[in-house]
Each structure stands twice: as structure tokens, then as C-alpha cells.
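Student: Enclosed is the structure file model-v1.tsv (TSV, C-alpha atoms).
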chain	number	residue	atom	x	y	z
V	4	MET	CA	20.41	-5.18	-174.04
V	5	GLU	CA	17.50	-6.32	-171.89
V	6	ALA	CA	17.03	-9.46	-174.00
V	7	TRP	CA	20.72	-10.29	-173.57
V	8	THR	CA	20.51	-9.90	-169.79
V	9	ARG	CA	17.40	-12.05	-169.53
V	10	ASN	CA	18.95	-14.79	-171.67
V	11	ILE	CA	22.07	-14.94	-169.47
V	12	LYS	CA	19.83	-15.01	-166.38
V	13	TRP	CA	17.91	-17.90	-167.96
V	14	MET	CA	21.18	-19.79	-168.51
V	15	ALA	CA	22.12	-19.41	-164.83
V	16	GLU	CA	18.67	-20.47	-163.62
V	17	THR	CA	18.44	-23.44	-166.00
V	18	PHE	CA	21.95	-24.90	-165.79
V	19	GLY	CA	23.14	-23.41	-162.51
V	20	ALA	CA	25.41	-20.41	-161.98
V	21	GLU	CA	28.26	-22.77	-161.07
V	22	ARG	CA	28.37	-23.97	-164.71
V	23	LEU	CA	28.30	-20.49	-166.21
V	24	GLY	CA	31.63	-19.28	-167.61
V	25	PHE	CA	32.80	-15.81	-168.63
V	26	LEU	CA	35.32	-16.17	-171.49
V	27	THR	CA	37.39	-13.26	-172.85
V	28	LEU	CA	39.32	-13.61	-176.12
V	29	THR	CA	41.73	-11.09	-177.63
V	30	VAL	CA	42.51	-11.16	-181.35
V	31	GLY	CA	46.01	-10.53	-182.65
V	32	ASP	CA	49.27	-11.78	-184.14
V	33	LEU	CA	52.99	-11.67	-183.43
V	34	ASP	CA	54.95	-9.13	-185.47
V	35	CYS	CA	58.41	-9.71	-186.93
V	36	GLY	CA	59.99	-8.65	-183.65
V	37	GLY	CA	58.04	-11.19	-181.64
V	38	ARG	CA	55.70	-8.62	-180.06
V	39	TYR	CA	51.97	-9.28	-179.85
V	40	ARG	CA	49.85	-6.82	-181.84
V	41	ASN	CA	46.10	-6.47	-181.43
V	42	LEU	CA	44.09	-7.00	-184.59
V	43	ARG	CA	42.16	-3.90	-185.64
V	44	ASP	CA	40.47	-5.23	-188.78
V	45	ARG	CA	36.91	-6.05	-187.72
V	46	LYS	CA	36.14	-8.21	-190.76
V	47	GLU	CA	39.18	-10.40	-190.12
V	48	ALA	CA	38.29	-10.61	-186.43
V	49	GLN	CA	34.77	-11.72	-187.34
V	50	ARG	CA	36.18	-14.34	-189.70
V	51	ARG	CA	38.35	-15.77	-186.92
V	52	ILE	CA	35.59	-15.85	-184.29
V	53	HIS	CA	33.25	-17.48	-186.81
V	54	SER	CA	35.84	-20.17	-187.48
V	55	LEU	CA	36.34	-20.70	-183.75
V	56	MET	CA	32.60	-20.82	-183.10
V	57	ALA	CA	32.01	-23.40	-185.82
V	58	GLY	CA	35.03	-25.55	-185.05
V	59	VAL	CA	35.26	-25.40	-181.25
V	60	ILE	CA	32.77	-23.36	-179.23
V	61	ALA	CA	29.55	-24.78	-180.72
V	62	GLU	CA	30.79	-28.29	-179.93
V	63	ARG	CA	32.26	-27.61	-176.50
V	64	TYR	CA	29.46	-25.51	-174.97
V	65	GLN	CA	25.72	-26.15	-175.17
V	66	CYS	CA	24.68	-22.52	-175.55
V	67	GLY	CA	25.82	-18.98	-174.89
V	68	GLY	CA	26.27	-15.51	-176.30
V	69	THR	CA	29.07	-13.36	-177.74
V	70	ILE	CA	29.68	-9.61	-177.55
V	71	THR	CA	32.23	-7.89	-179.79
V	72	GLU	CA	34.10	-4.95	-178.28
V	73	ARG	CA	36.50	-2.53	-179.94
V	74	HIS	CA	38.85	-0.97	-177.40
V	75	GLN	CA	39.84	2.68	-177.43
V	76	ASN	CA	43.20	1.63	-178.93
V	77	GLY	CA	41.34	0.00	-181.85
V	78	GLY	CA	41.92	-3.62	-180.83
V	79	ILE	CA	39.10	-6.18	-181.06
V	80	HIS	CA	38.04	-8.32	-178.08
V	81	PHE	CA	35.30	-10.92	-177.72
V	82	HIS	CA	33.39	-11.53	-174.49
V	83	LEU	CA	31.39	-14.75	-174.17
V	84	ALA	CA	28.98	-16.19	-171.63
V	85	VAL	CA	28.92	-19.99	-172.01
V	86	VAL	CA	27.49	-23.06	-170.28
V	87	CYS	CA	30.31	-25.41	-169.28
V	88	LYS	CA	29.88	-29.17	-168.99
V	89	SER	CA	30.51	-29.22	-165.22
V	90	ASP	CA	30.88	-27.02	-162.14
V	91	ILE	CA	33.81	-24.57	-162.51
V	92	ARG	CA	33.07	-22.42	-159.46
V	93	SER	CA	33.20	-24.64	-156.34
V	94	GLN	CA	36.16	-24.26	-153.94
V	95	ILE	CA	37.53	-21.19	-155.70
V	96	ASP	CA	38.80	-18.13	-153.82
V	97	PHE	CA	37.84	-15.26	-156.14
V	98	GLU	CA	39.96	-12.68	-154.32
V	99	ALA	CA	43.08	-14.83	-154.67
V	100	CYS	CA	42.49	-16.03	-158.25
V	101	PHE	CA	41.28	-12.73	-159.70
V	102	PRO	CA	42.76	-9.82	-157.68
V	103	PRO	CA	41.64	-6.25	-158.52
V	104	LYS	CA	43.28	-4.46	-161.45
V	105	ASP	CA	45.03	-1.09	-161.49
V	106	SER	CA	44.42	1.82	-163.85
V	107	ARG	CA	46.49	0.10	-166.58
V	108	GLY	CA	44.41	-3.06	-166.43
V	109	LYS	CA	47.14	-5.06	-164.66
V	110	TYR	CA	46.59	-7.17	-161.55
V	111	SER	CA	47.47	-5.29	-158.36
V	112	ARG	CA	49.13	-8.45	-157.01
V	113	PRO	CA	50.11	-11.83	-158.47
V	114	PRO	CA	47.07	-14.14	-158.72
V	115	ASP	CA	46.99	-17.41	-156.77
V	116	TYR	CA	45.29	-20.19	-158.71
V	117	SER	CA	45.72	-22.93	-156.11
V	118	THR	CA	42.00	-22.90	-155.16
V	119	ALA	CA	40.72	-23.40	-158.73
V	120	ASN	CA	39.00	-26.76	-159.15
V	121	ARG	CA	39.88	-29.38	-161.76
V	122	ALA	CA	37.15	-28.42	-164.27
V	123	LEU	CA	38.30	-24.79	-164.34
V	124	ARG	CA	41.95	-25.80	-164.73
V	125	GLU	CA	40.99	-28.00	-167.66
V	126	GLU	CA	39.25	-25.03	-169.30
V	127	TRP	CA	42.37	-22.90	-168.87
V	128	ALA	CA	44.61	-25.63	-170.33
V	129	PHE	CA	42.26	-26.16	-173.26
V	130	TRP	CA	42.19	-22.50	-174.24
V	131	ARG	CA	45.97	-22.10	-173.88
V	132	ARG	CA	46.35	-24.86	-176.50
V	133	THR	CA	43.46	-23.91	-178.79
V	134	ALA	CA	43.25	-20.11	-178.93
V	135	LYS	CA	46.52	-19.61	-180.83
V	136	LEU	CA	45.46	-22.13	-183.49
V	137	TYR	CA	42.64	-19.79	-184.54
V	138	GLY	CA	44.55	-16.50	-184.42
V	139	PHE	CA	43.69	-15.47	-180.84
V	140	GLY	CA	46.06	-14.23	-178.17
V	141	ARG	CA	45.36	-13.82	-174.47
V	142	CYS	CA	42.26	-15.65	-173.26
V	143	GLN	CA	40.69	-15.99	-169.83
V	144	MET	CA	37.88	-18.14	-168.49
V	145	GLN	CA	36.29	-17.07	-165.21
V	146	PRO	CA	33.43	-18.57	-163.22
V	147	VAL	CA	30.47	-16.40	-162.24
V	148	LYS	CA	30.89	-14.82	-158.82
V	149	SER	CA	27.35	-13.50	-158.30
V	150	THR	CA	24.13	-14.07	-160.29
V	151	GLY	CA	23.45	-14.66	-163.96
V	152	GLU	CA	21.56	-11.38	-164.22
V	153	ALA	CA	24.52	-9.45	-162.79
V	154	VAL	CA	26.88	-11.08	-165.30
V	155	GLY	CA	24.46	-10.32	-168.13
V	156	ARG	CA	24.32	-6.63	-167.21
V	157	TYR	CA	28.10	-6.51	-166.77
V	158	LEU	CA	28.67	-8.00	-170.23
V	159	ALA	CA	26.02	-5.71	-171.71
V	160	GLY	CA	28.23	-2.80	-170.65
V	161	TYR	CA	30.71	-3.88	-173.33
V	162	MET	CA	28.06	-3.05	-175.95
V	163	MET	CA	28.19	0.58	-174.88
V	164	LYS	CA	32.00	0.55	-174.89
V	165	ASP	CA	32.00	-0.87	-178.40
V	166	HIS	CA	29.50	1.76	-179.53
V	167	GLY	CA	31.72	4.53	-178.19
V	168	ALA	CA	34.88	3.25	-179.90
V	169	ARG	CA	33.44	2.23	-183.28
V	170	LEU	CA	35.18	3.29	-186.47
V	171	PRO	CA	33.47	4.23	-189.76
V	172	GLU	CA	34.24	0.79	-191.21
V	173	ASP	CA	32.35	-0.85	-188.32
V	174	LYS	CA	29.01	0.45	-189.57
V	175	GLY	CA	26.49	-2.38	-189.85
V	176	ALA	CA	28.71	-4.92	-188.07
V	177	ARG	CA	26.99	-7.17	-185.54
V	178	CYS	CA	27.91	-6.65	-181.91
V	179	VAL	CA	25.85	-9.46	-180.34
V	180	ARG	CA	25.13	-13.03	-181.34
V	181	MET	CA	23.58	-16.05	-179.62
V	182	PHE	CA	24.54	-19.65	-180.34
V	183	GLY	CA	23.77	-23.20	-179.33
V	184	HIS	CA	20.79	-25.26	-178.18
V	185	TRP	CA	18.77	-23.32	-175.60
V	186	HIS	CA	17.23	-26.23	-173.73
V	187	LYS	CA	18.07	-28.04	-170.50
V	188	GLU	CA	18.44	-31.35	-172.36
V	189	ALA	CA	21.37	-31.83	-174.71
V	190	ARG	CA	20.69	-31.59	-178.42
V	191	LYS	CA	20.03	-34.93	-180.10
V	192	PRO	CA	21.49	-35.88	-183.52
V	193	GLY	CA	19.37	-34.39	-186.29
V	194	GLU	CA	17.38	-32.20	-183.89
V	195	ARG	CA	17.00	-28.51	-184.73
V	196	ALA	CA	18.59	-26.12	-182.27
V	197	ILE	CA	16.14	-24.28	-180.01
V	198	LYS	CA	16.50	-20.51	-180.13
V	199	PRO	CA	17.05	-18.30	-177.06
V	200	PRO	CA	13.93	-17.80	-174.93
V	201	PHE	CA	14.14	-14.03	-175.27
V	202	ASN	CA	14.44	-12.32	-178.63
V	203	SER	CA	18.00	-11.10	-179.07
V	204	ARG	CA	16.98	-8.30	-181.40
V	205	MET	CA	17.81	-4.87	-180.10
V	206	GLY	CA	14.77	-3.01	-178.74
V	207	TRP	CA	14.88	-0.29	-181.37
V	208	ASN	CA	14.58	-2.90	-184.14
V	209	THR	CA	11.49	-4.74	-182.89
V	210	ILE	CA	8.18	-4.44	-184.74
V	211	PRO	CA	6.47	-2.35	-181.98
V	212	ALA	CA	9.41	0.07	-181.95
V	213	ARG	CA	9.35	0.40	-185.73
V	214	VAL	CA	5.59	0.97	-185.71
V	215	TRP	CA	6.06	3.71	-183.11
V	216	ARG	CA	8.66	5.45	-185.27
V	217	GLU	CA	6.33	5.16	-188.27
V	218	ILE	CA	3.51	6.75	-186.24
V	219	VAL	CA	5.74	9.65	-185.20
V	220	LYS	CA	6.97	10.05	-188.78
V	221	GLN	CA	3.46	10.23	-190.24
V	222	VAL	CA	2.31	12.73	-187.60
V	223	VAL	CA	5.29	14.97	-188.35
V	224	ILE	CA	4.79	14.66	-192.13
V	225	VAL	CA	1.16	15.77	-191.88
V	226	LEU	CA	1.88	18.64	-189.47
V	227	ASN	CA	4.78	19.87	-191.63
V	228	TYR	CA	2.54	19.81	-194.70
V	229	LYS	CA	0.16	22.06	-192.78
V	230	GLY	CA	2.95	24.51	-191.99
V	231	ALA	CA	4.32	23.39	-188.61
V	232	LYS	CA	7.96	23.08	-189.81
V	233	ILE	CA	8.91	20.51	-187.15
V	234	THR	CA	12.49	19.21	-187.03
V	235	GLU	CA	14.37	16.99	-184.61
V	236	GLN	CA	15.90	20.09	-183.08
V	237	ASN	CA	12.73	22.15	-182.50
V	238	ILE	CA	10.03	19.52	-181.83
V	239	LYS	CA	10.25	20.22	-178.08
V	240	ASP	CA	9.70	23.92	-178.72
V	241	ILE	CA	6.73	23.44	-181.08
V	242	VAL	CA	4.91	20.47	-179.54
V	243	GLY	CA	6.34	20.57	-176.02
V	244	PRO	CA	8.96	18.70	-173.97
V	245	LYS	CA	6.52	15.78	-173.56
V	246	TRP	CA	5.89	15.44	-177.30
V	247	ALA	CA	6.36	11.64	-177.27
V	248	TRP	CA	3.88	11.24	-174.41
V	249	ARG	CA	1.33	13.41	-176.26
V	250	ILE	CA	1.66	11.42	-179.49
V	251	GLY	CA	1.34	8.23	-177.47
V	252	LYS	CA	-1.90	9.46	-175.89
V	253	LEU	CA	-3.29	10.50	-179.28
V	254	ALA	CA	-2.26	7.39	-181.28
V	255	PRO	CA	-5.01	5.01	-179.95
V	256	PHE	CA	-7.64	7.26	-181.57
V	257	VAL	CA	-5.94	7.72	-184.96
V	258	TRP	CA	-5.92	5.64	-188.13
V	259	PHE	CA	-2.46	5.66	-189.75
V	260	VAL	CA	-1.44	4.89	-193.32
V	261	ASP	CA	-0.46	1.31	-194.14
V	262	ASP	CA	0.60	0.99	-197.76
V	263	LYS	CA	2.83	-0.91	-200.18
V	264	TRP	CA	5.88	1.36	-199.71
V	265	GLN	CA	6.31	-0.11	-196.24
V	266	ASP	CA	8.02	-3.47	-195.80
V	267	PRO	CA	5.63	-6.35	-194.96
V	268	GLU	CA	6.46	-6.56	-191.24
V	269	LEU	CA	6.04	-2.81	-190.68
V	270	ARG	CA	2.88	-2.69	-192.77
V	271	ASP	CA	1.36	-5.55	-190.76
V	272	GLY	CA	2.28	-3.75	-187.53
V	273	VAL	CA	0.57	-0.51	-188.62
V	274	LEU	CA	-2.44	-2.49	-189.84
V	275	MET	CA	-2.76	-4.20	-186.45
V	276	HIS	CA	-2.73	-0.77	-184.78
V	277	ASN	CA	-5.47	0.40	-187.14
V	278	LEU	CA	-7.59	-2.68	-186.40
V	279	GLU	CA	-7.30	-1.97	-182.67
V	280	VAL	CA	-8.42	1.63	-183.28
V	281	ALA	CA	-11.37	0.41	-185.35
V	282	ALA	CA	-12.35	-2.12	-182.66
V	283	ALA	CA	-12.28	0.57	-179.95
V	284	HIS	CA	-14.30	2.94	-182.12
V	285	ARG	CA	-16.85	0.21	-182.84
V	286	ALA	CA	-17.17	-0.51	-179.12
V	287	ALA	CA	-17.82	3.18	-178.43
V	288	PHE	CA	-20.14	4.08	-181.33
V	289	GLY	CA	-21.19	0.84	-182.99
V	290	GLU	CA	-20.88	0.29	-186.74
V	291	THR	CA	-20.21	3.59	-188.55
V	292	ALA	CA	-18.92	4.57	-191.95
V	293	ARG	CA	-15.88	6.18	-190.38
V	294	GLY	CA	-14.26	3.54	-188.15
V	295	CYS	CA	-11.89	5.87	-186.25
V	296	TRP	CA	-11.89	9.14	-184.34
V	297	TRP	CA	-9.41	10.83	-186.72
V	298	HIS	CA	-7.40	9.87	-189.76
V	299	VAL	CA	-3.75	10.91	-189.51
V	300	THR	CA	-4.28	13.43	-192.32
V	301	GLU	CA	-6.83	15.30	-190.18
V	302	LEU	CA	-4.42	15.98	-187.33
V	303	THR	CA	-3.34	19.48	-186.39
V	304	LEU	CA	-1.11	20.89	-183.69
V	305	GLU	CA	-4.22	21.39	-181.60
V	306	HIS	CA	-4.46	17.61	-181.14
V	307	LEU	CA	-1.07	17.66	-179.39
V	308	ARG	CA	-1.69	20.53	-176.98
V	309	GLY	CA	-2.18	18.22	-174.00
V	310	TRP	CA	-4.47	15.62	-172.51
V	311	THR	CA	-7.09	18.16	-171.39
V	312	VAL	CA	-7.42	19.60	-174.89
V	313	LEU	CA	-7.52	16.10	-176.37
V	314	GLN	CA	-10.31	15.05	-174.00
V	315	LYS	CA	-12.32	18.10	-175.06
V	316	MET	CA	-11.85	17.22	-178.74
V	317	LEU	CA	-12.88	13.60	-178.07
V	318	ALA	CA	-16.03	14.89	-176.36
V	319	GLU	CA	-16.81	17.02	-179.41
V	320	VAL	CA	-16.45	13.99	-181.69
V	321	GLN	CA	-18.79	12.03	-179.43
V	322	GLY	CA	-21.25	14.93	-179.36
V	323	ASP	CA	-21.27	15.16	-183.16
V	324	PHE	CA	-22.05	11.48	-183.36
V	325	TRP	CA	-25.00	11.51	-180.97
V	326	ASN	CA	-26.35	14.68	-182.56
V	327	GLY	CA	-26.75	12.77	-185.79
V	328	GLY	CA	-23.76	13.94	-187.77
V	329	GLU	CA	-22.14	10.53	-187.85
V	330	ARG	CA	-25.34	8.51	-187.60
V	331	ASN	CA	-26.76	9.56	-190.98
V	332	GLY	CA	-23.39	8.91	-192.60
V	333	ASN	CA	-23.19	12.13	-194.64
V	334	VAL	CA	-20.52	13.84	-192.54
V	335	ALA	CA	-18.65	10.59	-192.09
V	336	ASN	CA	-18.53	9.82	-195.80
V	337	HIS	CA	-17.47	13.37	-196.64
V	338	LYS	CA	-14.61	13.23	-194.13
V	339	ARG	CA	-13.64	9.79	-195.39
V	340	ARG	CA	-13.41	10.98	-199.01
V	341	GLU	CA	-11.28	13.95	-198.00
V	342	SER	CA	-8.89	11.87	-195.89
V	343	ARG	CA	-8.52	9.15	-198.56
V	344	ARG	CA	-7.21	11.70	-201.05
V	345	VAL	CA	-4.29	12.29	-198.71
V	346	HIS	CA	-4.11	8.72	-197.41
V	347	ASP	CA	-3.45	7.25	-200.85
V	348	GLN	CA	-0.60	9.65	-201.59
V	349	VAL	CA	1.42	9.85	-198.36
V	350	CYS	CA	5.01	9.30	-199.43
V	351	ALA	CA	7.65	7.24	-197.61
V	352	THR	CA	9.83	10.07	-196.33
V	353	ASP	CA	12.02	10.35	-193.26
V	354	GLY	CA	9.38	12.56	-191.64
V	355	TRP	CA	11.71	15.42	-190.80
V	356	GLU	CA	13.12	17.14	-193.86
V	357	ARG	CA	11.02	16.53	-196.97
V	358	PRO	CA	7.37	17.63	-197.11
V	359	VAL	CA	4.68	15.09	-197.96
V	360	VAL	CA	3.65	15.06	-201.62
V	361	LEU	CA	-0.09	15.18	-202.16
V	362	VAL	CA	-1.78	14.52	-205.48
V	363	GLU	CA	-5.50	14.95	-206.07
V	364	THR	CA	-7.03	11.97	-207.84
Can you give me the file's structure in the form of C-alpha cells?
Tutor:
Amino acid sequence: MEAWTRNIKWMAETFGAERLGFLTLTVGDLDCGGRYRNLRDRKEAQRRIHSLMAGVIAERYQCGGTITERHQNGGIHFHLAVVCKSDIRSQIDFEACFPPKDSRGKYSRPPDYSTANRALREEWAFWRRTAKLYGFGRCQMQPVKSTGEAVGRYLAGYMMKDHGARLPEDKGARCVRMFGHWHKEARKPGERAIKPPFNSRMGWNTIPARVWREIVKQVVIVLNYKGAKITEQNIKDIVGPKWAWRIGKLAPFVWFVDDKWQDPELRDGVLMHNLEVAAAHRAAFGETARGCWWHVTELTLEHLRGWTVLQKMLAEVQGDFWNGGERNGNVANHKRRESRRVHDQVCATDGWERPVVLVET
């Protein structure tokens, strides 16, 4: 959602808010009685918008974004932010052209379009002719009244509406897509399109977010193997209401498992975390056989009792080192052998229900 907002803000800052258009498209057909019926089949709606994007929108507008929304009545709508070829906002009286709507979604008074400029009227005429050719019904193009960021956040609200009205068959369907050439200069023939400046992936699907979930999963797996019996429902009761904060404070001192059962991107993310832990440990203690404060398999609930307890445990680790336990390598190598037995056999589970399977080798 944040990436979407920042991309729309970039469009307004780069091309000017006066060229930014807010286009709404409804999908539907006329029944045998001549009445318009909203289309409720998401796959068919996606087929139509894809055809429209390829045949019309990609050629008419330099760049933009699309949000799919399913209404509470099941109908599919598409909301687009696009960059028009010229200014569509100057001279317009927003209050007259777009009066407020009542509880039924109808205008409270008849709109007056006399102040709309020529470019905006041409957009309206174009979509009246074109939309029906691709299986779309009512369509509306509006200029941006405020800032690009405000429009981005307003459109992002449709994501939440779509999430609340989704049907079982909508599972896995894309809600957001970006299109076009994201550069101030027009795209030249044969030139590859430049992608949006901000990654349009949802925040929960980025590599850092996936690494964080993997860290939490491994911590829970290990604690459950040691008898904690943590679930999604009782983690606040066992670890505390600030369990995420506590794991976040502990993670920079812990080496986590990176293995072949993880996909390459996730494995690389966990490995980068481990390298950062090793670098910090090397800066604190120099070269040692251990390379981290704790391996994930050594964690107990005591490590998550709070920052004060964690600081005390860190001091104990440091004390052991300077007293010679880590320096001569015997303790370090013993701990390393013990942790590797678990490290090599941590299974790819969901971290909540199934216990980790450990096999001595």
C-alpha cells in the first residue's frame, strides 16, 4: 500500500498533478431485458481489463496503476491512476462537476460540466465510445483535486474494500498492477519500459518481511521442541504482549538456519542476517570458533524474558569469553557440535503446530 502511494505521488511530482487522471471502470453486460448487470466473474473481468490495457490504455497513457475492487454486491470495478497527455484540471469547478453523493451513491444534485476544459471533455468522449467495445459499462475520468499522495492513499482504500468483499474464488487473484514507462521522457521505439520507482510488492511479501517470519518460525519451533507449546493464540501469554519486540531485540545476536528447504531468495536473506551477526560478533570478540552469541537451537524462554534479562545473559557470554572459555576453543567447539546436530535437521514447518524433527547423526 505504501509503495502504491509513493508511486502515485511520484507521478504527480514528475508529470504535474494537472495531468493526473482518476479513471473508474465498471464491468458488466446488458441482459435480455436491456438492463445493465454487473459482472461478478473475476476471471472474466481480468480478461477484459487485460484486453483493454493491451489495446488501449498502454498506448494512450504513459504510465499508471490499476486497483481491482469487488463491491459488496459482488460486482467488479477497476480504479486507475493514469498520466494524461495534457492538462485536464485547469478551469474546472470541482463542486459543480462532481457534487457530493448520497447514501445510495447518487449525486445529490445534477452535475454541471460547463467548466470542464477541452482535454477533459475529450477524455470523456473517448471513454464513452471505447469502454463498451471491451465489455465495460459506466466509466468516469476525474482530474486530481488535491495532491498525488492524497489520491494514492484514497485509491489504496479500495484495496481494503476489495479484501473485505472477496469471495473464495478470488483467492490468489491480483489486486494491484502497475503499467507503462515510468520516466519523464516518452518511451522510444525498441526501448525497454522502466519499472516504477518504488517496488509494488506488498510489504508482507518483501524479502525482509519473509526473513522476519522465518526468524519467528524458527524461534517458535525450537521453543516448542523444548516444551513451550506456543501457538498463535497463546504466544502473548507465554512470551508476553511485546513478543515481537523481544524477538527483534534478540535476533541480532542469533545465528538462524539457512538450508536447502528454503527457496533461494529466503535462504539468501537468512544468510545475510547470519553474516551480519558474525560480523558483529567478530567486532566484539575477534576471530573465534563460534562466530555468534547463540545458535537458534540454544534459545530458551529465558532469552525472551525482556531486555534486562537479555543484557545480563549477553554479559555472561562476554564474561565466559574473557575468562578463557571461548579463547581456548574447547567450549566453543563443543557448543558448535551440539548446535550443528540440531541445525542440520531443522524441518521446514509452519512453526506453530508441528514439532521440529531432530535426528542424531
Student: Mind pulling up the distance from atom CA of V:Ala20 to atom CA of V:Glu72?
Tutor: 24.1 Å
Student: Skipping near chain neighbours, those fewer than 6 positions away, what residues fall within 12 Å of V:Leu33 using all atoms listed in the file, listed as a list in words?
Tutor: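 With the cut-off at 12 Å, the set is Tyr39, Arg40, Asn41, Leu42, Lys135, Gly138, Phe139, Gly140 and Arg141 of chain V.
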Student: Atom CA of V:Ile11 and atom CA of V:Trp130 are how many Å apart?
Tutor: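 If I compute the distance from atom CA of V:Ile11 to atom CA of V:Trp130, I get 22.0 Å.
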Student: Atom CA of V:Ala247 and atom CA of V:Pro267 are how many Å apart?
Tutor: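 Taking atom CA of V:Ala247 and atom CA of V:Pro267, their separation equals 25.2 Å.
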Student: Report as JSON the centre and the edge lengths, in Å to one decimal, of the axis-aligned box holding every listed atom of stretch 73-83 of chain V, padded by 3 Å on each side.
Tutor:
{"center_x": 37.3, "center_y": -6.0, "center_z": -178.0, "size_x": 17.8, "size_y": 23.4, "size_z": 13.7}
Student: Which residues are close to V:Phe201, i.e. within 7 Å by all atoms listed in the file, leaving aside same-chain residues fewer than 4 positions away? Reply as a list in words.
Tutor: Ala6, Arg9 and Asn10 of chain V
Student: So which one's closest to V:Leu253, V:Ala196, V:Val219, V:Leu278, V:Leu313? Using only C-alpha atoms, please.
Tutor: V:Leu313
Student: Here is a test: counting only C-alpha atoms, which residue of V:Thr71, V:Asn120, V:Asn208, V:Asn76 is nearest to V:Arg45?
Tutor: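 Nearest to V:Arg45: V:Thr71.
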Student: With only C-alpha atoms counted, which protein, DNA or RNA residues have an atom no more than 10 Å from (38.1, 2.3, -191.2) in the file frame? Please answer as a PDB file with C-alpha atoms, in the coordinates of the input.
Tutor:
ATOM      1  CA  ARG V  43      42.160  -3.900-185.640  1.00  0.00           C
ATOM      2  CA  ASP V  44      40.470  -5.230-188.780  1.00  0.00           C
ATOM      3  CA  ARG V  45      36.910  -6.050-187.720  1.00  0.00           C
ATOM      4  CA  ARG V 169      33.440   2.230-183.280  1.00  0.00           C
ATOM      5  CA  LEU V 170      35.180   3.290-186.470  1.00  0.00           C
ATOM      6  CA  PRO V 171      33.470   4.230-189.760  1.00  0.00           C
ATOM      7  CA  GLU V 172      34.240   0.790-191.210  1.00  0.00           C
ATOM      8  CA  ASP V 173      32.350  -0.850-188.320  1.00  0.00           C
ATOM      9  CA  LYS V 174      29.010   0.450-189.570  1.00  0.00           C
TER      10      LYS V 174
END
Student: Using all atoms listed in the file, which residue out of V:Ala119, V:Arg131, V:Asp165, V:Trp13 lies closest to V:Phe81?
Tutor: V:Asp165
Student: I need the residue nearest V:Gly58 from this list: V:Ala134, V:Ala128, V:Val30, V:Ala122. Use all atoms listed in the file for the distance.
Tutor: V:Ala134
Student: Nearest to V:Asn227 among V:Leu304, V:Leu158, V:Asp262, V:Asp240, with distances taken over all atoms listed in the file: which residue is it?
Tutor: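 Looking only at the distances to V:Asn227, the closest residue turns out to be V:Leu304.
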Student: Ranking V:Arg213, V:Arg92, V:Lys263, V:Lys220 by minimum distance to V:Arg121 and counting all atoms listed in the file, which one comes first?
Tutor: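 Checking each candidate against V:Arg121, we get V:Arg92 as the closest.
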Student: Env of V:Pro255: 9 Å cut, atoms = all atoms listed in the file, seq-sep filter 6 positions within chain, self excluded. Answer as a list in words.
Tutor: His276, Asn277, Glu279, Val280 and Ala283 of chain V
Student: Taking 2 positions as the minimum chain separation for residues in the same chain, which residues sit within 12 Å of stretch 99-113 of chain V when counting all atoms listed in the file? Answer as a PyMOL selection string.
Tutor: chain V and resi 92+94-97+115-120+123-124+143-148
Student: I'd like the contact shell of V:Pro199 - 12 Å cut-off, all atoms listed in the file, skipping same-chain residues fewer than 6 positions apart - returned as number ranges by chain.
Tutor: V: 6-14, 65-68, 180-187
